[in-house]
file model27.txt (compact mmCIF, C-alpha atoms)
# COMPACT_ATOMS: atom_id res chain seq x y z
CA GLU A 1 8.77 -3.12 -12.03
CA THR A 2 6.14 -4.78 -9.86
CA GLY A 3 4.00 -6.42 -12.53
CA VAL A 4 1.21 -3.88 -12.00
CA THR A 5 0.88 -1.12 -14.56
CA GLN A 6 -1.29 1.97 -14.45
CA THR A 7 -2.26 4.42 -17.18
CA PRO A 8 -2.17 7.29 -17.50
CA ARG A 9 0.59 8.26 -15.09
CA HIS A 10 -0.63 11.86 -14.97
CA LEU A 11 -4.10 13.26 -15.66
CA VAL A 12 -5.49 16.76 -15.51
CA MET A 13 -9.24 17.10 -15.84
CA GLY A 14 -11.96 19.66 -15.40
CA MET A 15 -14.84 19.20 -13.01
CA THR A 16 -17.25 18.37 -15.85
CA ASN A 17 -15.03 15.85 -17.62
CA LYS A 18 -15.38 12.07 -17.67
CA LYS A 19 -12.18 10.05 -17.62
CA SER A 20 -11.04 6.55 -16.69
CA LEU A 21 -7.98 5.21 -14.93
CA LYS A 22 -6.71 1.81 -16.00
CA CYS A 23 -4.80 -0.81 -14.06
CA GLU A 24 -3.43 -4.09 -15.39
CA GLN A 25 -1.67 -6.80 -13.43
CA HIS A 26 0.56 -9.41 -15.08
CA LEU A 27 0.97 -11.58 -11.99
CA GLY A 28 -2.00 -13.94 -12.25
CA HIS A 29 -3.48 -12.57 -9.03
CA ASN A 30 -7.12 -12.96 -8.00
CA ALA A 31 -7.68 -9.72 -6.06
CA MET A 32 -7.30 -6.08 -7.08
CA TYR A 33 -7.60 -2.83 -5.15
CA TRP A 34 -7.95 0.92 -5.64
CA TYR A 35 -6.35 3.23 -3.07
CA LYS A 36 -6.33 7.02 -2.84
CA GLN A 37 -3.41 8.99 -1.42
CA SER A 38 -4.05 12.67 -0.82
CA ALA A 39 -1.28 15.08 0.10
CA LYS A 40 -0.02 14.49 3.65
CA LYS A 41 -2.68 11.86 4.39
CA PRO A 42 -2.37 8.09 4.75
CA LEU A 43 -3.40 5.80 1.94
CA GLU A 44 -7.14 5.17 1.92
CA LEU A 45 -8.64 1.99 0.55
CA MET A 46 -11.43 2.72 -1.94
CA PHE A 47 -12.49 -0.57 -3.52
CA VAL A 48 -11.57 -4.25 -3.42
CA TYR A 49 -12.32 -6.84 -6.07
CA SER A 50 -11.86 -10.53 -5.35
CA LEU A 51 -12.38 -13.01 -8.17
CA GLU A 52 -13.86 -10.12 -10.20
CA GLU A 53 -16.55 -9.37 -7.62
CA ARG A 54 -16.54 -6.19 -5.59
CA VAL A 55 -16.14 -7.18 -1.96
CA GLU A 56 -15.48 -3.81 -0.35
CA ASN A 57 -16.55 -0.25 -1.02
CA ASN A 58 -15.32 2.10 1.68
CA SER A 59 -17.99 4.82 1.49
CA VAL A 60 -16.61 6.21 -1.72
CA PRO A 61 -18.71 8.91 -3.47
CA SER A 62 -20.62 7.74 -6.52
CA ARG A 63 -18.60 10.01 -8.79
CA PHE A 64 -15.98 7.21 -8.58
CA SER A 65 -17.15 4.05 -10.33
CA PRO A 66 -14.95 0.94 -10.45
CA GLU A 67 -15.10 -1.80 -13.05
CA CYS A 68 -13.34 -5.15 -13.09
CA PRO A 69 -14.02 -6.89 -16.44
CA ASN A 70 -11.60 -9.75 -15.72
CA SER A 71 -9.02 -10.75 -13.15
CA SER A 72 -6.21 -8.84 -14.87
CA HIS A 73 -7.86 -5.47 -15.43
CA LEU A 74 -9.34 -2.85 -13.16
CA PHE A 75 -10.76 0.52 -14.11
CA LEU A 76 -11.79 3.56 -12.14
CA HIS A 77 -14.30 5.70 -14.01
CA LEU A 78 -14.37 9.34 -12.96
CA HIS A 79 -17.11 11.90 -13.55
CA THR A 80 -17.95 15.34 -12.15
CA LEU A 81 -15.01 15.27 -9.78
CA GLN A 82 -14.17 18.00 -7.28
CA PRO A 83 -10.81 19.72 -6.77
CA GLU A 84 -10.43 17.88 -3.43
CA ASP A 85 -10.36 14.63 -5.41
CA SER A 86 -6.91 15.58 -6.67
CA ALA A 87 -4.60 12.85 -5.39
CA LEU A 88 -2.39 9.90 -6.29
CA TYR A 89 -4.58 6.91 -7.19
CA LEU A 90 -2.89 3.59 -6.63
CA CYS A 91 -3.85 0.16 -7.88
CA ALA A 92 -2.68 -3.03 -6.19
CA SER A 93 -3.13 -6.76 -6.61
CA SER A 94 -2.62 -9.86 -4.50
CA GLN A 95 -3.09 -13.61 -4.66
CA ASP A 96 -5.29 -14.67 -1.78
CA PRO A 97 -6.12 -18.34 -1.24
CA PRO A 98 -9.77 -18.86 -0.19
CA GLY A 99 -9.93 -18.89 3.59
CA GLY A 100 -6.17 -18.70 3.79
CA ILE A 101 -3.71 -16.10 4.96
CA ARG A 102 -3.97 -12.82 3.08
CA SER A 103 -0.84 -12.29 1.05
CA LYS A 104 1.25 -9.25 0.27
CA GLN A 105 -0.02 -6.63 -2.13
CA PHE A 106 1.85 -5.44 -5.20
CA PHE A 107 1.30 -1.81 -6.10
CA GLY A 108 1.41 0.01 -9.39
CA PRO A 109 3.17 3.36 -9.82
CA GLY A 110 -0.06 5.33 -9.48
CA THR A 111 -1.89 7.95 -11.49
CA ARG A 112 -1.37 11.54 -10.35
CA LEU A 113 -4.79 13.19 -10.84
CA THR A 114 -5.36 16.92 -10.78
CA VAL A 115 -8.92 18.26 -10.90
CA LEU A 116 -9.21 21.89 -11.93
CA ASP B 1 -6.66 -4.38 13.25
CA ALA B 2 -4.24 -3.24 15.96
CA LYS B 3 -2.81 0.26 15.80
CA THR B 4 0.89 0.91 15.37
CA THR B 5 3.15 3.72 16.54
CA GLN B 6 6.26 4.73 14.62
CA PRO B 7 8.65 7.68 14.96
CA PRO B 8 7.85 10.28 12.28
CA SER B 9 11.40 10.50 10.96
CA MET B 10 14.89 9.00 11.23
CA ASP B 11 18.27 9.57 9.63
CA CYS B 12 20.84 6.91 8.83
CA ALA B 13 24.34 7.16 7.40
CA GLU B 14 24.91 5.42 4.10
CA GLY B 15 26.37 1.95 4.59
CA ARG B 16 25.21 1.66 8.17
CA ALA B 17 22.33 -0.43 9.45
CA ALA B 18 18.96 1.31 9.68
CA ASN B 19 16.82 0.12 12.57
CA LEU B 20 13.20 1.23 12.34
CA PRO B 21 11.06 0.58 15.44
CA CYS B 22 7.33 -0.04 15.62
CA ASN B 23 5.10 -0.40 18.67
CA HIS B 24 1.97 -2.51 18.41
CA SER B 25 1.05 -3.14 22.04
CA THR B 26 -2.56 -4.16 21.27
CA ILE B 27 -1.65 -6.82 18.73
CA SER B 28 -3.72 -9.99 18.95
CA GLY B 29 -2.59 -13.55 18.47
CA ASN B 30 -3.64 -13.96 14.85
CA GLU B 31 -2.32 -10.62 13.61
CA TYR B 32 0.76 -10.41 11.44
CA VAL B 33 3.28 -7.57 11.28
CA TYR B 34 3.86 -6.26 7.74
CA TRP B 35 6.37 -3.70 6.53
CA TYR B 36 6.00 -1.69 3.33
CA ARG B 37 7.89 1.32 2.08
CA GLN B 38 7.01 4.12 -0.31
CA ILE B 39 9.65 5.97 -2.24
CA HIS B 40 8.58 9.49 -3.17
CA SER B 41 5.66 9.54 -5.65
CA GLN B 42 5.78 5.79 -6.24
CA GLY B 43 3.49 2.98 -5.13
CA PRO B 44 4.22 1.21 -1.84
CA GLN B 45 6.56 -1.76 -1.96
CA TYR B 46 6.24 -4.85 0.21
CA ILE B 47 9.34 -5.53 2.32
CA ILE B 48 8.69 -8.34 4.77
CA HIS B 49 6.16 -9.77 7.21
CA GLY B 50 6.08 -12.07 10.23
CA LEU B 51 3.90 -13.52 12.96
CA LYS B 52 6.11 -14.59 15.87
CA ASN B 53 9.53 -15.57 14.64
CA ASN B 54 12.19 -13.28 13.28
CA GLU B 55 12.29 -13.17 9.51
CA THR B 56 14.94 -12.31 6.94
CA ASN B 57 14.82 -11.87 3.20
CA GLU B 58 16.97 -10.21 0.55
CA MET B 59 15.73 -6.77 1.52
CA ALA B 60 15.62 -6.70 5.29
CA SER B 61 15.28 -8.47 8.64
CA LEU B 62 12.28 -8.29 10.94
CA ILE B 63 12.80 -8.72 14.66
CA ILE B 64 9.64 -9.28 16.72
CA THR B 65 9.83 -9.17 20.51
CA GLU B 66 8.79 -12.24 22.45
CA ASP B 67 5.61 -10.56 23.72
CA ARG B 68 4.94 -9.34 20.14
CA LYS B 69 4.20 -5.82 21.33
CA SER B 70 6.94 -4.27 19.23
CA SER B 71 9.14 -5.01 16.25
CA THR B 72 12.15 -3.61 14.44
CA LEU B 73 12.83 -3.54 10.73
CA ILE B 74 16.53 -3.72 9.96
CA LEU B 75 18.08 -2.63 6.68
CA PRO B 76 21.59 -4.03 7.13
CA HIS B 77 23.50 -1.67 4.81
CA ALA B 78 21.41 1.37 3.98
CA THR B 79 21.88 3.01 0.59
CA LEU B 80 20.62 6.33 -0.74
CA ARG B 81 17.89 4.43 -2.60
CA ASP B 82 16.49 3.27 0.73
CA THR B 83 15.32 6.83 1.47
CA ALA B 84 11.54 6.40 1.76
CA VAL B 85 8.58 6.34 4.11
CA TYR B 86 8.41 3.01 5.94
CA TYR B 87 5.06 1.71 7.13
CA CYS B 88 4.53 -0.86 9.87
CA ILE B 89 1.12 -2.52 9.55
CA VAL B 90 -0.52 -5.01 11.85
CA ARG B 91 -3.17 -7.07 10.18
CA ASP B 92 -5.33 -10.10 10.74
CA GLY B 93 -4.12 -12.65 8.23
CA THR B 94 -7.60 -13.81 7.26
CA GLY B 95 -9.54 -10.63 7.93
CA ALA B 96 -10.19 -7.51 5.94
CA ASN B 97 -8.48 -6.98 2.63
CA ASN B 98 -7.29 -3.49 3.35
CA LEU B 99 -3.92 -2.39 4.68
CA PHE B 100 -4.03 0.60 7.05
CA PHE B 101 -0.83 2.48 6.30
CA GLY B 102 -0.81 5.20 8.94
CA THR B 103 1.80 7.95 8.65
CA GLY B 104 4.94 5.77 8.82
CA THR B 105 8.59 6.75 9.42
CA ARG B 106 10.38 8.91 6.91
CA LEU B 107 13.90 7.45 6.66
CA THR B 108 16.56 9.66 5.15
CA VAL B 109 19.85 7.99 4.25
CA ILE B 110 22.66 10.52 4.39
CA PRO B 111 25.77 10.23 2.19
call {"tool": "encode", "arguments": {"input": "model27.txt", "output": "structure tokens"}}
result
Amino acid sequence: ETGVTQTPRHLVMGMTNKKSLKCEQHLGHNAMYWYKQSAKKPLELMFVYSLEERVENNSVPSRFSPECPNSSHLFLHLHTLQPEDSALYLCASSQDPPGGIRSKQFFGPGTRLTVL
Amino acid sequence: DAKTTQPPSMDCAEGRAANLPCNHSTISGNEYVYWYRQIHSQGPQYIIHGLKNNETNEMASLIITEDRKSSTLILPHATLRDTAVYYCIVRDGTGANNLFFGTGTRLTVIP
């Protein structure tokens, strides 16, 4: 138990569906992240939120839309996905002091997404 | 961030020490060495990190060479639950937020 929870743990959706992934951290951290892990590929950073503002967006297609309503919650809204978007989606959080050394990240268990 | 090179796989007998090497010959002075592991179908787990000095915590020890071009993660008494992919990451402490995980070393602990 890392203090980062993700729901749902498994999701199967059609290409025309709209769904959302939810992440919640109970650690009081100020930064949250979405990563994607496709089969046999390294983890890829998708989005970073620091103090509830998006600070990084690594060329992610617009069919993925993140939302960070407060420092404890992070969503990833999905619409019109493609089968190649099937992957493990991981959420992480960290406590980063301003201008200080970046700290370790705590990961949730992930959501296994299958797009049919 | 500097690139790292790790062997793709290693085996270790249960109860023995597992020594996982990592080369990071292009590391710069302000870059830290981080180790994470990922047990099958779970999220990565932080293990340890260091800058210059050797470090030890309840999970592992990190040995960094004097020139900082390589490091070794040591699991002193490997158990079956230590079977996982281990990632060595070199990262500027105040730079980008992302961690580049690479392909890591798949450690299999054998009974």
call {"tool": "residues_near_point", "arguments": {"input": "model27.txt", "point": "(-2.0, 12.9, -3.6)", "cutoff": "8 Å", "atoms": "all atoms listed in the file", "output": "PDB file with C-alpha atoms, keeping the file's coordinate frame"}}
result
ATOM      1  CA  LYS A  36      -6.330   7.020  -2.840  1.00  0.00           C
ATOM      2  CA  GLN A  37      -3.410   8.990  -1.420  1.00  0.00           C
ATOM      3  CA  SER A  38      -4.050  12.670  -0.820  1.00  0.00           C
ATOM      4  CA  ALA A  39      -1.280  15.080   0.100  1.00  0.00           C
ATOM      5  CA  LYS A  40      -0.020  14.490   3.650  1.00  0.00           C
ATOM      6  CA  SER A  86      -6.910  15.580  -6.670  1.00  0.00           C
ATOM      7  CA  ALA A  87      -4.600  12.850  -5.390  1.00  0.00           C
ATOM      8  CA  LEU A  88      -2.390   9.900  -6.290  1.00  0.00           C
ATOM      9  CA  TYR A  89      -4.580   6.910  -7.190  1.00  0.00           C
ATOM     10  CA  ARG A 112      -1.370  11.540 -10.350  1.00  0.00           C
ATOM     11  CA  LEU A 113      -4.790  13.190 -10.840  1.00  0.00           C
TER      12      LEU A 113
END
call {"tool": "residues_around", "arguments": {"input": "model27.txt", "residues": "segment 15-23 of chain A", "least_positions_apart": "2", "cutoff": "8 Å", "atoms": "only C-alpha atoms", "output": "mmCIF file with C-alpha atoms, in the frame of the given file"}}
result
data_model
loop_
_atom_site.group_PDB
_atom_site.id
_atom_site.type_symbol
_atom_site.label_atom_id
_atom_site.label_comp_id
_atom_site.auth_asym_id
_atom_site.auth_seq_id
_atom_site.Cartn_x
_atom_site.Cartn_y
_atom_site.Cartn_z
ATOM 1 C CA VAL A 4 1.210 -3.880 -12.000
ATOM 2 C CA THR A 5 0.880 -1.120 -14.560
ATOM 3 C CA GLN A 6 -1.290 1.970 -14.450
ATOM 4 C CA THR A 7 -2.260 4.420 -17.180
ATOM 5 C CA PRO A 8 -2.170 7.290 -17.500
ATOM 6 C CA MET A 13 -9.240 17.100 -15.840
ATOM 7 C CA GLN A 25 -1.670 -6.800 -13.430
ATOM 8 C CA HIS A 73 -7.860 -5.470 -15.430
ATOM 9 C CA LEU A 74 -9.340 -2.850 -13.160
ATOM 10 C CA PHE A 75 -10.760 0.520 -14.110
ATOM 11 C CA LEU A 76 -11.790 3.560 -12.140
ATOM 12 C CA HIS A 77 -14.300 5.700 -14.010
ATOM 13 C CA LEU A 78 -14.370 9.340 -12.960
ATOM 14 C CA HIS A 79 -17.110 11.900 -13.550
ATOM 15 C CA THR A 80 -17.950 15.340 -12.150
ATOM 16 C CA LEU A 81 -15.010 15.270 -9.780
ATOM 17 C CA GLN A 82 -14.170 18.000 -7.280
ATOM 18 C CA PRO A 83 -10.810 19.720 -6.770
ATOM 19 C CA CYS A 91 -3.850 0.160 -7.880
ATOM 20 C CA GLY A 108 1.410 0.010 -9.390
ATOM 21 C CA THR A 111 -1.890 7.950 -11.490
ATOM 22 C CA VAL A 115 -8.920 18.260 -10.900
ATOM 23 C CA LEU A 116 -9.210 21.890 -11.930
#
call {"tool": "interface_residues", "arguments": {"input": "model27.txt", "of": "chain A", "to": "chain B", "cutoff": "10 Å", "atoms": "all atoms listed in the file", "output": "PyMOL selection string"}}
result
chain A and resi 2+4+31-33+35+37+40-50+55-56+58+88-92+94+96-112
call {"tool": "residues_around", "arguments": {"input": "model27.txt", "residues": "segment 5-9 of chain B", "least_positions_apart": "4", "cutoff": "6 Å", "atoms": "only C-alpha atoms", "output": "list in words"}}
result
Cys22, Asn23, Thr105, Arg106 and Leu107 of chain B
call {"tool": "write_last_selection", "arguments": {"input": "model27.txt", "atoms": "C-alpha atoms", "output": "compact mmCIF listing (two decimals), in the frame of the given file"}}
result
# COMPACT_ATOMS: atom_id res chain seq x y z
CA CYS B 22 7.33 -0.04 15.62
CA ASN B 23 5.10 -0.40 18.67
CA THR B 105 8.59 6.75 9.42
CA ARG B 106 10.38 8.91 6.91
CA LEU B 107 13.90 7.45 6.66
call {"tool": "atom_distance", "arguments": {"input": "model27.txt", "atom1": "atom CA of Tyr86 of chain B", "atom2": "atom CA of Ser25 of chain B"}}
result
18.7 Å
call {"tool": "atom_distance", "arguments": {"input": "model27.txt", "atom1": "atom CA of Glu14 of chain B", "atom2": "atom CA of Leu73 of chain B"}}
result
16.4 Å
call {"tool": "atom_distance", "arguments": {"input": "model27.txt", "atom1": "atom CA of Glu24 of chain A", "atom2": "atom CA of Glu52 of chain A"}}
result
13.1 Å
call {"tool": "residues_around", "arguments": {"input": "model27.txt", "residues": "Val33 of chain B", "least_positions_apart": "5", "cutoff": "6 Å", "atoms": "all atoms listed in the file", "output": "list in words"}}
result
His49, Gly50, Ile89 and Val90 of chain B
call {"tool": "decode", "arguments": {"input": "model27.txt", "residues": "segment 52-64 of chain B", "atoms": "all heavy atoms", "output": "short mmCIF file (atom, residue, chain, number, x, y, z; two decimals), in the first residue's frame"}}
result
data_model
loop_
_atom_site.label_atom_id
_atom_site.label_comp_id
_atom_site.auth_asym_id
_atom_site.auth_seq_id
_atom_site.Cartn_x
_atom_site.Cartn_y
_atom_site.Cartn_z
N LYS B 52 26.69 10.76 -4.31
CA LYS B 52 28.12 10.39 -4.33
C LYS B 52 28.42 9.27 -3.36
O LYS B 52 29.12 8.32 -3.68
CB LYS B 52 28.98 11.60 -3.95
CG LYS B 52 28.92 12.76 -4.89
CD LYS B 52 29.81 13.88 -4.40
CE LYS B 52 29.74 15.09 -5.30
NZ LYS B 52 30.56 16.21 -4.77
N ASN B 53 27.86 9.39 -2.16
CA ASN B 53 28.19 8.43 -1.12
C ASN B 53 27.34 7.18 -1.24
O ASN B 53 26.26 7.19 -1.81
CB ASN B 53 27.96 9.05 0.25
CG ASN B 53 28.81 10.29 0.46
OD1 ASN B 53 29.96 10.32 0.04
ND2 ASN B 53 28.24 11.29 1.09
N ASN B 54 27.84 6.09 -0.68
CA ASN B 54 27.04 4.88 -0.62
C ASN B 54 25.87 5.10 0.33
O ASN B 54 25.97 5.85 1.31
CB ASN B 54 27.91 3.72 -0.13
CG ASN B 54 29.06 3.44 -1.08
OD1 ASN B 54 29.00 3.76 -2.27
ND2 ASN B 54 30.12 2.83 -0.58
N GLU B 55 24.77 4.46 0.04
CA GLU B 55 23.57 4.62 0.83
C GLU B 55 23.01 3.26 1.21
O GLU B 55 23.15 2.29 0.45
CB GLU B 55 22.50 5.40 0.05
CG GLU B 55 22.91 6.78 -0.43
CD GLU B 55 22.99 7.81 0.69
OE1 GLU B 55 22.44 7.54 1.78
OE2 GLU B 55 23.59 8.88 0.46
N THR B 56 22.35 3.21 2.35
CA THR B 56 21.70 1.98 2.80
C THR B 56 20.38 2.34 3.45
O THR B 56 20.28 3.33 4.18
CB THR B 56 22.59 1.22 3.82
OG1 THR B 56 23.78 0.81 3.16
CG2 THR B 56 21.88 -0.01 4.35
N ASN B 57 19.36 1.54 3.15
CA ASN B 57 18.10 1.66 3.87
C ASN B 57 17.58 0.26 4.17
O ASN B 57 18.31 -0.73 4.00
CB ASN B 57 17.10 2.52 3.10
CG ASN B 57 16.69 1.94 1.76
OD1 ASN B 57 16.83 0.73 1.52
ND2 ASN B 57 16.19 2.77 0.89
N GLU B 58 16.33 0.17 4.59
CA GLU B 58 15.79 -1.13 5.01
C GLU B 58 15.61 -2.08 3.84
O GLU B 58 15.45 -3.28 4.04
CB GLU B 58 14.47 -0.93 5.74
CG GLU B 58 13.34 -0.38 4.89
CD GLU B 58 13.39 1.13 4.71
OE1 GLU B 58 14.35 1.76 5.20
OE2 GLU B 58 12.46 1.66 4.08
N MET B 59 15.62 -1.56 2.65
CA MET B 59 15.40 -2.42 1.48
C MET B 59 16.70 -2.88 0.83
O MET B 59 16.79 -4.02 0.35
CB MET B 59 14.56 -1.70 0.43
CG MET B 59 13.12 -1.48 0.81
SD MET B 59 12.20 -0.71 -0.52
CE MET B 59 12.18 -2.01 -1.75
N ALA B 60 17.67 -1.96 0.73
CA ALA B 60 18.84 -2.27 -0.09
C ALA B 60 20.00 -1.34 0.25
O ALA B 60 19.87 -0.41 1.03
CB ALA B 60 18.47 -2.09 -1.57
N SER B 61 21.14 -1.64 -0.40
CA SER B 61 22.31 -0.75 -0.35
C SER B 61 22.65 -0.30 -1.76
O SER B 61 22.44 -1.07 -2.72
CB SER B 61 23.51 -1.47 0.25
OG SER B 61 23.28 -1.79 1.61
N LEU B 62 23.14 0.91 -1.87
CA LEU B 62 23.55 1.46 -3.16
C LEU B 62 25.03 1.81 -3.06
O LEU B 62 25.42 2.61 -2.20
CB LEU B 62 22.73 2.70 -3.49
CG LEU B 62 23.14 3.49 -4.73
CD1 LEU B 62 23.04 2.63 -5.99
CD2 LEU B 62 22.27 4.74 -4.88
N ILE B 63 25.81 1.20 -3.94
CA ILE B 63 27.24 1.46 -3.99
C ILE B 63 27.53 2.24 -5.26
O ILE B 63 27.25 1.75 -6.37
CB ILE B 63 28.06 0.15 -3.97
CG1 ILE B 63 27.62 -0.75 -2.81
CG2 ILE B 63 29.55 0.47 -3.93
CD1 ILE B 63 27.85 -0.14 -1.44
N ILE B 64 28.09 3.43 -5.13
CA ILE B 64 28.41 4.27 -6.28
C ILE B 64 29.93 4.36 -6.37
O ILE B 64 30.60 4.68 -5.38
CB ILE B 64 27.80 5.68 -6.14
CG1 ILE B 64 26.28 5.57 -5.98
CG2 ILE B 64 28.15 6.54 -7.35
CD1 ILE B 64 25.59 6.89 -5.70
#
